[in-house]
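Novice: File run31.tsv follows (TSV, C-alpha atoms):
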```
chain	number	residue	atom	x	y	z
M	191	MET	CA	39.49	-45.96	-0.68
M	192	ARG	CA	36.31	-44.05	-1.47
M	193	SER	CA	37.88	-40.79	-0.24
M	194	ILE	CA	40.85	-41.29	-2.58
M	195	GLU	CA	38.46	-41.95	-5.44
M	196	ASP	CA	36.43	-38.84	-4.65
M	197	ARG	CA	39.53	-36.63	-4.53
M	198	THR	CA	40.86	-37.87	-7.88
M	199	PRO	CA	40.30	-35.27	-10.64
M	200	ALA	CA	38.28	-36.48	-13.60
M	201	HIS	CA	41.09	-35.57	-16.00
M	202	ARG	CA	43.70	-37.64	-14.11
M	203	ASP	CA	45.50	-40.07	-16.43
M	204	ARG	CA	45.22	-43.16	-14.27
M	205	ALA	CA	47.08	-45.39	-16.71
M	206	ILE	CA	50.24	-43.28	-16.40
M	207	ASP	CA	50.07	-43.50	-12.61
M	208	GLY	CA	49.48	-47.24	-12.85
M	209	LEU	CA	52.50	-47.72	-15.09
M	210	ARG	CA	54.66	-45.64	-12.75
M	211	ALA	CA	53.53	-47.67	-9.74
M	212	LEU	CA	54.32	-50.90	-11.60
M	213	ALA	CA	57.80	-49.67	-12.50
M	214	LEU	CA	58.38	-48.49	-8.93
M	215	LEU	CA	57.41	-51.79	-7.35
M	216	SER	CA	59.72	-53.67	-9.72
M	217	VAL	CA	62.74	-51.98	-8.12
M	218	PRO	CA	62.40	-53.38	-4.56
M	219	THR	CA	61.01	-56.65	-5.91
M	220	GLY	CA	64.04	-57.17	-8.13
M	221	HIS	CA	66.58	-56.16	-5.49
M	222	TRP	CA	64.96	-58.24	-2.76
M	223	LEU	CA	64.75	-61.33	-4.99
M	224	ILE	CA	68.26	-61.22	-6.41
M	225	CYS	CA	70.51	-59.42	-3.91
M	226	GLY	CA	71.87	-61.61	-1.15
M	227	PHE	CA	74.83	-61.78	1.19
M	228	THR	CA	77.81	-63.93	2.09
M	229	ARG	CA	79.38	-64.00	5.56
M	230	ASP	CA	83.10	-64.00	6.10
M	231	ALA	CA	84.97	-65.59	9.02
M	232	ASP	CA	84.36	-62.51	11.17
M	233	GLY	CA	80.62	-62.57	10.53
M	234	ALA	CA	80.67	-59.51	8.27
M	235	LEU	CA	78.23	-59.33	5.36
M	236	HIS	CA	79.28	-58.94	1.73
M	237	ASN	CA	77.13	-58.43	-1.34
M	238	ALA	CA	76.26	-61.45	-3.48
M	239	SER	CA	73.87	-62.12	-6.35
M	240	LEU	CA	71.58	-65.07	-6.89
M	241	LEU	CA	72.31	-64.80	-10.62
M	242	THR	CA	75.96	-65.75	-10.05
M	243	ALA	CA	74.96	-69.30	-9.16
M	244	LEU	CA	71.62	-69.55	-11.01
M	245	ARG	CA	72.17	-67.81	-14.31
M	246	VAL	CA	69.20	-69.73	-15.67
M	247	LEU	CA	67.07	-67.16	-13.81
M	248	ALA	CA	68.48	-64.26	-15.87
M	249	PRO	CA	65.30	-64.02	-18.04
M	250	LEU	CA	63.50	-63.01	-14.84
M	251	THR	CA	65.28	-59.65	-15.17
M	252	TRP	CA	63.47	-59.02	-18.46
M	253	VAL	CA	60.29	-58.64	-16.43
M	254	LEU	CA	61.78	-56.96	-13.38
M	255	GLN	CA	63.86	-54.42	-15.31
M	256	LEU	CA	61.17	-51.79	-15.94
M	257	LEU	CA	63.33	-48.68	-16.06
M	258	GLY	CA	62.24	-48.21	-19.66
M	259	ILE	CA	58.66	-47.83	-18.42
M	260	PHE	CA	59.79	-45.49	-15.66
M	261	PHE	CA	61.56	-43.16	-18.09
M	262	LEU	CA	58.65	-43.41	-20.54
M	263	VAL	CA	56.05	-42.26	-18.01
M	264	GLY	CA	58.55	-39.73	-16.66
M	265	GLY	CA	58.79	-38.11	-20.07
M	266	HIS	CA	55.02	-38.14	-20.46
M	267	ALA	CA	54.46	-36.61	-17.01
M	268	SER	CA	57.15	-33.97	-17.54
M	269	VAL	CA	55.46	-32.75	-20.73
M	270	LEU	CA	52.15	-32.26	-18.94
M	271	SER	CA	53.81	-30.61	-15.94
M	272	TYR	CA	55.88	-28.30	-18.13
M	273	ARG	CA	52.84	-27.35	-20.18
M	274	ARG	CA	50.84	-26.46	-17.05
M	275	ALA	CA	53.74	-24.49	-15.60
M	276	THR	CA	54.38	-22.42	-18.71
M	277	GLY	CA	50.64	-21.85	-19.07
M	278	ARG	CA	50.68	-20.21	-15.63
M	279	GLY	CA	53.66	-18.05	-16.57
M	280	ILE	CA	56.25	-20.07	-14.61
M	281	SER	CA	59.71	-19.90	-16.13
M	282	THR	CA	61.57	-23.00	-17.30
M	283	ALA	CA	64.26	-22.47	-14.66
M	284	ARG	CA	61.70	-22.29	-11.86
M	285	TRP	CA	59.86	-25.35	-13.15
M	286	LEU	CA	63.09	-27.33	-13.37
M	287	GLY	CA	64.18	-26.20	-9.93
M	288	GLY	CA	60.97	-27.54	-8.45
M	289	ARG	CA	61.34	-30.90	-10.20
M	290	LEU	CA	64.96	-31.29	-9.11
M	291	ALA	CA	64.13	-30.35	-5.52
M	292	ARG	CA	61.49	-33.11	-5.42
M	293	LEU	CA	64.16	-35.58	-6.52
M	294	GLY	CA	66.92	-34.29	-4.27
M	295	ARG	CA	65.18	-33.96	-0.90
M	296	PRO	CA	64.57	-37.70	-0.33
M	297	VAL	CA	68.09	-38.58	-1.50
M	298	ILE	CA	69.68	-36.13	0.92
M	299	GLY	CA	67.34	-37.40	3.62
M	300	VAL	CA	68.24	-41.09	3.35
M	301	THR	CA	71.98	-40.49	2.97
M	302	ALA	CA	72.06	-38.01	5.86
M	303	VAL	CA	70.22	-40.45	8.13
M	304	TRP	CA	72.61	-43.24	7.20
M	305	ALA	CA	75.60	-40.96	7.78
M	306	ALA	CA	74.35	-40.45	11.32
M	307	LEU	CA	73.66	-44.18	11.77
M	308	LEU	CA	77.08	-45.42	10.69
M	309	PRO	CA	79.01	-44.30	13.83
M	310	LEU	CA	76.24	-45.61	16.06
M	311	LEU	CA	76.20	-49.02	14.37
M	312	TYR	CA	79.99	-49.19	14.52
M	313	ARG	CA	79.94	-48.51	18.28
M	314	LEU	CA	77.33	-51.27	18.64
M	315	GLY	CA	79.82	-53.71	17.14
M	316	VAL	CA	78.70	-53.94	13.51
M	317	PRO	CA	81.81	-54.78	11.43
M	318	THR	CA	83.17	-52.09	9.12
M	319	ALA	CA	82.83	-54.47	6.16
M	320	THR	CA	79.12	-54.86	6.91
M	321	LEU	CA	78.72	-51.09	7.08
M	322	ARG	CA	80.41	-50.70	3.69
M	323	THR	CA	78.13	-53.37	2.25
M	324	ALA	CA	75.08	-51.58	3.66
M	325	ALA	CA	76.26	-48.21	2.35
M	326	THR	CA	76.80	-49.68	-1.11
M	327	LEU	CA	73.29	-51.14	-1.16
M	328	VAL	CA	71.71	-47.89	-0.02
M	329	ILE	CA	73.49	-45.75	-2.58
M	330	GLN	CA	73.24	-48.31	-5.40
M	331	PRO	CA	69.75	-47.37	-6.68
M	332	LEU	CA	70.38	-43.63	-6.31
M	333	TRP	CA	72.38	-43.42	-9.56
M	334	PHE	CA	68.96	-43.39	-11.20
M	335	VAL	CA	68.08	-40.07	-9.56
M	336	GLY	CA	71.12	-38.34	-11.05
M	337	VAL	CA	70.42	-39.63	-14.55
M	338	TYR	CA	66.73	-38.79	-14.23
M	339	ALA	CA	67.60	-35.25	-13.14
M	340	VAL	CA	69.74	-34.75	-16.25
M	341	VAL	CA	67.09	-36.02	-18.68
M	342	THR	CA	64.47	-33.90	-16.90
M	343	ALA	CA	66.62	-30.83	-17.50
M	344	LEU	CA	66.53	-31.67	-21.22
M	345	THR	CA	62.70	-31.67	-21.34
M	346	PRO	CA	62.36	-28.42	-23.35
M	347	CYS	CA	64.80	-29.77	-25.97
M	348	CYS	CA	62.96	-33.10	-26.03
M	349	ILE	CA	59.64	-31.33	-26.60
M	350	ARG	CA	61.01	-29.38	-29.55
M	351	ALA	CA	62.43	-32.57	-31.06
M	352	ALA	CA	59.13	-34.41	-30.56
M	353	ARG	CA	57.12	-31.67	-32.22
M	354	ARG	CA	59.44	-31.63	-35.21
M	355	LEU	CA	60.14	-35.33	-35.73
M	356	GLY	CA	57.57	-37.23	-33.68
M	357	ALA	CA	58.63	-40.68	-32.45
M	358	TRP	CA	61.51	-40.61	-34.93
M	359	SER	CA	63.22	-38.13	-32.58
M	360	ALA	CA	64.27	-41.12	-30.45
M	361	ALA	CA	65.95	-42.89	-33.40
M	362	PRO	CA	69.29	-40.98	-33.22
M	363	LEU	CA	69.63	-42.07	-29.60
M	364	LEU	CA	69.21	-45.70	-30.61
M	365	VAL	CA	71.75	-45.32	-33.41
M	366	SER	CA	74.21	-43.60	-31.06
M	367	VAL	CA	74.09	-46.42	-28.52
M	368	GLY	CA	74.40	-49.00	-31.29
M	369	ALA	CA	77.49	-47.25	-32.67
M	370	VAL	CA	79.19	-47.17	-29.27
M	371	ASP	CA	78.34	-50.84	-28.70
M	372	LEU	CA	79.89	-51.69	-32.06
M	373	LEU	CA	83.09	-49.97	-30.99
M	374	ARG	CA	83.32	-51.47	-27.51
M	375	TYR	CA	82.26	-55.00	-28.48
M	376	GLY	CA	83.44	-55.13	-32.09
M	377	PRO	CA	86.71	-56.30	-33.65
M	378	TYR	CA	88.65	-53.24	-32.47
M	379	ALA	CA	87.40	-53.33	-28.87
M	380	ALA	CA	90.81	-54.26	-27.43
M	381	ALA	CA	92.38	-51.11	-28.85
M	382	LEU	CA	89.74	-48.74	-27.45
M	383	PRO	CA	89.59	-47.26	-23.92
M	384	GLY	CA	87.39	-48.89	-21.31
M	385	TRP	CA	85.51	-45.67	-20.55
M	386	LEU	CA	84.00	-45.64	-24.04
M	387	GLY	CA	80.80	-47.24	-22.77
M	388	LEU	CA	80.11	-44.16	-20.63
M	389	LEU	CA	79.12	-42.41	-23.86
M	390	ASN	CA	75.95	-44.51	-23.73
M	391	LEU	CA	74.91	-43.23	-20.33
M	392	LEU	CA	72.85	-40.24	-21.48
M	393	PRO	CA	71.42	-41.44	-24.82
M	394	GLY	CA	70.75	-44.89	-23.35
M	395	TRP	CA	68.38	-43.59	-20.68
M	396	LEU	CA	67.14	-40.60	-22.67
M	397	PHE	CA	65.70	-42.94	-25.32
M	398	ALA	CA	62.62	-44.05	-23.37
M	399	TYR	CA	62.20	-40.56	-21.88
M	400	GLN	CA	62.08	-39.10	-25.39
M	401	LEU	CA	59.43	-41.65	-26.34
M	402	GLY	CA	57.46	-40.54	-23.29
M	403	VAL	CA	57.74	-36.91	-24.36
M	404	CYS	CA	56.44	-37.88	-27.80
M	405	TRP	CA	53.58	-39.73	-26.11
M	406	GLY	CA	52.71	-36.68	-24.02
M	407	GLU	CA	52.82	-34.52	-27.15
M	408	LYS	CA	50.43	-36.96	-28.86
M	409	ARG	CA	53.09	-37.88	-31.42
M	410	LEU	CA	53.25	-41.54	-30.44
M	411	GLY	CA	50.11	-43.41	-31.50
M	412	GLN	CA	48.97	-46.99	-31.91
M	413	ARG	CA	50.82	-47.62	-35.17
M	414	ALA	CA	54.13	-46.39	-33.76
M	415	ALA	CA	53.50	-48.44	-30.63
M	416	TRP	CA	53.15	-51.63	-32.67
M	417	VAL	CA	56.41	-50.79	-34.46
M	418	LEU	CA	58.15	-50.29	-31.12
M	419	LEU	CA	56.78	-53.53	-29.69
M	420	ALA	CA	57.61	-55.66	-32.72
M	421	GLY	CA	60.87	-53.92	-33.62
M	422	GLY	CA	62.13	-53.81	-30.05
M	423	GLY	CA	61.29	-57.48	-29.53
M	424	ALA	CA	62.99	-58.51	-32.76
M	425	LEU	CA	66.12	-56.48	-31.99
M	426	PHE	CA	66.21	-57.90	-28.45
M	427	ALA	CA	66.12	-61.47	-29.77
M	428	LEU	CA	68.72	-60.71	-32.44
M	429	LEU	CA	71.18	-59.21	-29.95
M	430	LEU	CA	70.82	-62.15	-27.60
M	431	LEU	CA	70.96	-64.95	-30.15
M	432	ALA	CA	73.34	-63.59	-32.78
M	433	PHE	CA	75.58	-61.08	-31.03
M	434	GLY	CA	76.16	-62.67	-27.64
M	435	TYR	CA	74.77	-59.96	-25.38
M	436	PRO	CA	74.48	-61.03	-21.72
M	437	THR	CA	71.09	-62.51	-20.90
M	438	SER	CA	70.69	-60.63	-17.63
M	439	MET	CA	69.50	-57.03	-17.72
M	440	VAL	CA	71.39	-56.32	-14.49
M	441	GLY	CA	75.04	-56.77	-13.67
M	442	VAL	CA	76.18	-60.21	-12.54
M	443	PRO	CA	79.43	-60.53	-10.56
M	444	GLY	CA	82.01	-62.40	-12.61
M	445	GLN	CA	80.69	-61.38	-16.01
M	446	ASP	CA	82.95	-59.19	-18.12
M	447	ARG	CA	80.00	-57.45	-19.80
M	448	THR	CA	76.93	-55.80	-18.37
M	449	ASN	CA	73.83	-54.44	-20.05
M	450	SER	CA	72.75	-51.72	-17.66
M	451	HIS	CA	75.82	-49.90	-16.33
M	452	PRO	CA	76.21	-48.23	-18.77
M	453	PRO	CA	73.19	-49.21	-20.88
M	454	SER	CA	73.78	-51.35	-23.93
M	455	LEU	CA	71.67	-51.59	-27.07
M	456	LEU	CA	69.84	-54.51	-25.47
M	457	VAL	CA	68.45	-52.14	-22.81
M	458	LEU	CA	67.04	-49.86	-25.52
M	459	ALA	CA	65.54	-52.82	-27.38
M	460	LEU	CA	63.74	-53.90	-24.21
M	461	ALA	CA	62.68	-50.31	-23.48
M	462	ALA	CA	61.25	-49.99	-26.99
M	463	ALA	CA	59.20	-53.16	-26.62
M	464	GLN	CA	58.03	-52.15	-23.14
M	465	SER	CA	57.08	-48.67	-24.36
M	466	GLY	CA	55.10	-50.05	-27.25
M	467	ALA	CA	53.24	-52.42	-24.96
M	468	ALA	CA	52.52	-49.62	-22.49
M	469	VAL	CA	50.98	-47.39	-25.15
M	470	LEU	CA	48.87	-50.25	-26.51
M	471	LEU	CA	47.63	-51.25	-23.04
M	472	ARG	CA	46.92	-47.73	-21.83
M	473	ASP	CA	43.15	-47.78	-22.31
M	474	ARG	CA	42.77	-51.19	-20.68
M	475	MET	CA	44.79	-50.08	-17.70
M	476	ALA	CA	42.73	-46.91	-17.38
M	477	ARG	CA	39.53	-48.96	-17.26
M	478	LEU	CA	40.98	-51.32	-14.66
M	479	LEU	CA	42.07	-48.41	-12.49
M	480	ARG	CA	38.54	-47.05	-12.39
M	481	ARG	CA	37.98	-49.58	-9.62
M	482	PRO	CA	38.57	-47.87	-6.26
M	483	THR	CA	40.17	-51.00	-4.74
M	484	VAL	CA	42.80	-51.01	-7.49
M	485	TRP	CA	43.23	-47.25	-7.76
M	486	ALA	CA	43.82	-46.55	-4.05
M	487	PRO	CA	47.12	-48.49	-3.70
M	488	VAL	CA	48.36	-46.95	-6.97
M	489	VAL	CA	47.82	-43.48	-5.51
M	490	VAL	CA	49.64	-44.37	-2.29
M	491	ILE	CA	52.59	-45.85	-4.19
M	492	ASN	CA	52.90	-42.75	-6.37
M	493	LEU	CA	52.77	-40.45	-3.36
M	494	CYS	CA	55.68	-42.39	-1.82
M	495	ALA	CA	57.64	-42.94	-5.03
M	496	MET	CA	60.99	-41.52	-3.95
M	497	THR	CA	60.60	-42.94	-0.45
M	498	ILE	CA	60.23	-46.44	-1.89
M	499	LEU	CA	63.25	-45.94	-4.14
M	500	CYS	CA	65.45	-44.53	-1.38
M	501	TRP	CA	64.52	-46.76	1.56
M	502	HIS	CA	63.75	-50.24	0.19
M	503	GLN	CA	67.33	-51.45	0.66
M	504	THR	CA	67.29	-50.18	4.23
M	505	ALA	CA	64.19	-52.29	4.83
M	506	MET	CA	66.09	-55.41	3.81
M	507	LEU	CA	69.19	-54.43	5.79
M	508	ALA	CA	67.07	-53.86	8.90
M	509	SER	CA	66.51	-57.63	9.00
M	510	ALA	CA	69.87	-58.90	7.74
M	511	VAL	CA	72.34	-56.77	9.72
M	512	PRO	CA	70.99	-57.63	13.22
M	513	ALA	CA	70.61	-61.31	12.27
M	514	ALA	CA	74.17	-61.83	11.01
M	515	PRO	CA	76.09	-61.79	14.34
M	516	PHE	CA	73.50	-63.67	16.40
M	517	LEU	CA	71.84	-66.16	14.07
M	518	GLY	CA	74.63	-66.92	11.61
M	519	ALA	CA	73.71	-68.03	8.11
M	520	VAL	CA	69.93	-67.63	8.01
M	521	PRO	CA	68.42	-69.25	4.87
M	522	GLY	CA	67.25	-66.62	2.41
M	523	LEU	CA	68.60	-63.79	4.54
M	524	THR	CA	72.31	-64.10	5.37
M	525	SER	CA	73.11	-67.43	3.76
M	526	VAL	CA	74.87	-67.71	0.39
M	527	PRO	CA	72.41	-67.27	-2.51
M	528	ASP	CA	73.45	-70.36	-4.43
M	529	ALA	CA	70.41	-72.65	-4.81
M	530	PRO	CA	66.69	-72.64	-5.65
M	531	GLY	CA	65.99	-73.25	-1.96
M	532	TRP	CA	67.53	-69.87	-1.17
M	533	LEU	CA	65.06	-68.19	-3.53
M	534	LEU	CA	62.12	-69.92	-1.84
M	535	ALA	CA	63.40	-68.82	1.56
M	536	ARG	CA	63.89	-65.26	0.29
M	537	LEU	CA	60.28	-65.19	-0.94
M	538	ALA	CA	59.23	-66.02	2.62
M	539	TRP	CA	61.24	-63.06	3.93
M	540	MET	CA	59.82	-60.53	1.48
M	541	PRO	CA	56.59	-59.80	3.41
M	542	LEU	CA	58.78	-58.76	6.35
M	543	PHE	CA	60.84	-56.49	4.07
M	544	ALA	CA	57.63	-54.96	2.73
M	545	PHE	CA	56.22	-54.42	6.22
M	546	THR	CA	59.47	-52.79	7.33
M	547	LEU	CA	59.40	-50.53	4.28
M	548	VAL	CA	55.87	-49.42	5.17
M	549	LEU	CA	57.01	-48.52	8.67
M	550	LEU	CA	60.02	-46.65	7.31
M	551	ALA	CA	57.84	-44.81	4.81
M	552	ARG	CA	55.59	-43.55	7.62
M	553	LEU	CA	58.67	-42.06	9.29
M	554	THR	CA	60.56	-40.80	6.23
M	555	ARG	CA	57.78	-39.70	3.88
M	556	ARG	CA	58.31	-36.17	5.23
M	557	PHE	CA	61.57	-35.94	3.27
M	558	GLU	CA	59.57	-35.79	0.03
M	559	ALA	CA	57.63	-32.71	1.18
M	560	PRO	CA	59.17	-29.22	0.94
M	561	TRP	CA	61.54	-28.53	3.82
M	562	THR	CA	59.83	-25.26	4.68
M	563	GLY	CA	60.48	-25.59	8.41
M	564	ALA	CA	64.18	-26.42	8.11
M	565	THR	CA	66.69	-23.67	8.82
M	566	ALA	CA	69.63	-22.99	6.54
M	567	ALA	CA	71.95	-24.53	9.15
M	568	ARG	CA	69.96	-27.79	9.21
M	569	ARG	CA	69.89	-27.99	5.44
M	570	THR	CA	73.63	-27.43	5.29
M	571	ALA	CA	74.22	-30.09	7.94
M	572	ALA	CA	72.04	-32.57	6.04
M	573	ALA	CA	73.94	-31.87	2.82
M	574	LEU	CA	77.31	-32.35	4.53
M	575	LEU	CA	76.17	-35.60	6.12
M	576	ALA	CA	74.91	-36.83	2.75
M	577	ALA	CA	78.21	-35.94	1.09
M	578	GLY	CA	80.14	-37.77	3.80
M	579	PHE	CA	78.00	-40.88	3.39
M	580	ALA	CA	78.55	-40.81	-0.39
M	581	VAL	CA	82.32	-40.65	0.14
M	582	PHE	CA	82.16	-43.67	2.46
M	583	ALA	CA	79.78	-45.66	0.22
M	584	LEU	CA	81.94	-45.11	-2.85
M	585	GLY	CA	85.00	-46.36	-1.02
M	586	LEU	CA	86.77	-43.02	-1.07
M	587	ALA	CA	87.28	-43.03	2.68
```
Can you give me the file's structure in the form of structure tokens?

Specialist:
Amino acid sequence: MRSIEDRTPAHRDRAIDGLRALALLSVPTGHWLICGFTRDADGALHNASLLTALRVLAPLTWVLQLLGIFFLVGGHASVLSYRRATGRGISTARWLGGRLARLGRPVIGVTAVWAALLPLLYRLGVPTATLRTAATLVIQPLWFVGVYAVVTALTPCCIRAARRLGAWSAAPLLVSVGAVDLLRYGPYAAALPGWLGLLNLLPGWLFAYQLGVCWGEKRLGQRAAWVLLAGGGALFALLLLAFGYPTSMVGVPGQDRTNSHPPSLLVLALAAAQSGAAVLLRDRMARLLRRPTVWAPVVVINLCAMTILCWHQTAMLASAVPAAPFLGAVPGLTSVPDAPGWLLARLAWMPLFAFTLVLLARLTRRFEAPWTGATAARRTAAALLAAGFAVFALGLA
């Protein structure tokens, strides 16, 4: 811990790293708590959600859905990175290429490994339905990487908007999402195409990123943060109580509406409140993270950010898939998530998931580093394997 502390530059913004670590940890925590399985007559596993049976737990997703924070700190970090790069004479294209490579390498790594595992698991007797379930879970969180890559590419435009309009530069994104929601949920919704909600995909996730860019440009201060916290909280309550938005921030099987895929106005309201709170708590977090015992795990989590995102579902599957054919319906693991007792049992399994993720991270962390030793043939093979896995996971083959 002391060595990590000694190697940390004095100018390091510890609060930003702390917020990123918090947002990162919320992803596996949320998936491990809510995502369960059902077993069919052949012993194959199928995806299930705890929220289907216990919708009273939906407010838990308000705390676990921290993607607003992730995009906020992403925008802030991108501003600083872009500023340093341009100061050294690095072109925008080269800077962006480096950022996208850092996102893409771990994704290709995990999907290529799984593409190689699928035939082996099939030959070992794992049912095809279980393999499709596993592939879906592995690829499920990776949509975030694609969206994040697109908003990262827009960083120069976001910086110009922030310098001209300050925090108000995020307002058109909020209005855009609200307008689309009015169309798809309003009185004429039945006459409009179902794909209309996809128009919210970019502005919905760009909103918090733009706020982060404003924060990095020092155009988002305490007063604006209070407005975001109060305004976002008020809008969140209004949408829930008066306009019938789903309570859960994640999709629930059986519901005809979802808040996150694509994002609804409720997602932006929560992101606004979270962003305001993050800005207001920044100094307190920075002081807390001056303690080496608190700072050290934050550094480790940030160094393994993409590894955690890409491999946390594999950590859960490493326990569930072998257990299904031999142990049957194991409470909290392969049994139906339909009661509070299941949640208590799942909490008991989570240390094992975390330990497995640590072991996987030690093996797969190399995918985040530049692939300087990989030949062109190996890179091509990895890309082809990753593409094949995506085809299988999306049900196209």

Novice: Could you name the residues that touch Val490 (chain M) at 12 Å or less, counting only C-alpha atoms, but leaving out those on the same chain fewer than 2 positions away, as a PyMOL selection string?

Specialist: chain M and resi 191+194-195+207-208+210-211+214-215+483-488+492-498+548+551-552+555

Novice: Those selected residues, please, written with C-alpha atoms and delivered as a compact mmCIF listing (two decimals), in the coordinates of the input.

Specialist:
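See result-v7.txt below for the written result:
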```
# COMPACT_ATOMS: atom_id res chain seq x y z
CA MET M 191 39.49 -45.96 -0.68
CA ILE M 194 40.85 -41.29 -2.58
CA GLU M 195 38.46 -41.95 -5.44
CA ASP M 207 50.07 -43.50 -12.61
CA GLY M 208 49.48 -47.24 -12.85
CA ARG M 210 54.66 -45.64 -12.75
CA ALA M 211 53.53 -47.67 -9.74
CA LEU M 214 58.38 -48.49 -8.93
CA LEU M 215 57.41 -51.79 -7.35
CA THR M 483 40.17 -51.00 -4.74
CA VAL M 484 42.80 -51.01 -7.49
CA TRP M 485 43.23 -47.25 -7.76
CA ALA M 486 43.82 -46.55 -4.05
CA PRO M 487 47.12 -48.49 -3.70
CA VAL M 488 48.36 -46.95 -6.97
CA ASN M 492 52.90 -42.75 -6.37
CA LEU M 493 52.77 -40.45 -3.36
CA CYS M 494 55.68 -42.39 -1.82
CA ALA M 495 57.64 -42.94 -5.03
CA MET M 496 60.99 -41.52 -3.95
CA THR M 497 60.60 -42.94 -0.45
CA ILE M 498 60.23 -46.44 -1.89
CA VAL M 548 55.87 -49.42 5.17
CA ALA M 551 57.84 -44.81 4.81
CA ARG M 552 55.59 -43.55 7.62
CA ARG M 555 57.78 -39.70 3.88
```

Novice: Have a look at M:Leu428, M:Leu364, M:Leu373, M:Leu391 and name the one nearest to His451 (chain M); count only C-alpha atoms.

Specialist: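 Looking at the shortest contact to His451 (chain M), the residue is M:Leu391.
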
Novice: Could you check the closest approach to Thr219 (chain M) for each of M:Thr251, M:Val581, M:Ser268, M:Pro560 and tell me which residue wins, using all atoms listed in the file?

Specialist: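 Result for the nearest residue to Thr219 (chain M): M:Thr251.
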
Novice: Could you jot down the CA of Thr437 (chain M) to CA of Val367 (chain M) separation for me, Å, one decimal place?

Specialist: 18.1 Å

Novice: List every protein, DNA or RNA residue that has an atom no more than 9 Å from (76.6, -49.3, 9.6) in the file's coordinate frame, counting all atoms listed in the file, and report them as a PyMOL selection string.

Specialist: chain M and resi 304-305+307-312+316-325+511

Novice: Counting only C-alpha atoms, what is within 8 Å of Ser239 (chain M), bar same-chain residues fewer than 6 positions away, as a count of residues only?

Specialist: 7

Novice: Taking every listed atom of region 397-416 of chain M and adding 8 Å to each side, what centre and edge lengths in Å (one decimal) does the axis-aligned box have, as JSON?

Specialist:
```
{"center_x": 57.3, "center_y": -43.1, "center_z": -28.5, "size_x": 32.7, "size_y": 33.1, "size_z": 29.3}
```

Novice: Do a neighbour search on Leu223 (chain M) at 12 Å with all atoms listed in the file, toss out local chain neighbours closer than 5 positions, and write the hits as a VMD selection string.

Specialist: chain M and resid 216 to 218 238 to 241 247 to 248 250 to 251 254 503 506 522 to 523 527 530 532 to 541 543

Novice: Distance CA of Gly336 (chain M)-CA of Trp561 (chain M), one decimal place?

Specialist: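 Taking CA of Gly336 (chain M) and CA of Trp561 (chain M), their separation equals 20.2 Å.
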
Novice: So how far away is CA of Phe260 (chain M) from CA of Ala467 (chain M), in Å?

Specialist: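 Spanning CA of Ala467 (chain M) to CA of Phe260 (chain M) is a straight-line distance of 13.3 Å.
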
Novice: I want to know what sits within 8 Å of region 349-359 of chain M, based on all atoms listed in the file, with residues of the same chain fewer than 2 positions away left out; could you give that as a ChimeraX atom specification?

Specialist: /M:269,345-347,361-362,400-401,403-404,407,409-410,414

Novice: Would you mind telling me which residue in M:Leu262, M:Asn237, M:Ile329, M:Arg289 lies nearest to Ala463 (chain M) when using all atoms listed in the file?

Specialist: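 Smallest distance to Ala463 (chain M) is found for M:Leu262.
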
Novice: Looking at M:Leu517, M:Leu270, M:Ala510, M:Val253, which one is nearest to Leu235 (chain M), with distances taken over only C-alpha atoms?

Specialist: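 Among the listed residues, the smallest separation from Leu235 (chain M) belongs to M:Ala510.
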
Novice: Compile the contact shell of Val341 (chain M) as a PyMOL selection string: residues with an atom at most 9 Å away, counting only C-alpha atoms, same-chain residues fewer than 3 positions apart removed.

Specialist: chain M and resi 265+336-338+344-345+348+392+395-396+399-400

Novice: Let me make sure I understand: among M:Gly441, M:Gly258, M:Pro512, M:Gly279, which one has the smallest atom-to-atom distance to Gly466 (chain M) if we use only C-alpha atoms?

Specialist: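 The closest residue to Gly466 (chain M) is M:Gly258.
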
Novice: Please determine, counting all atoms listed in the file, which residue among M:Ala267, M:Leu372, M:Leu547, M:Val303 has the shortest atom-to-atom distance to Gly578 (chain M).

Specialist: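 Distance minimum relative to Gly578 (chain M) lands on M:Val303.
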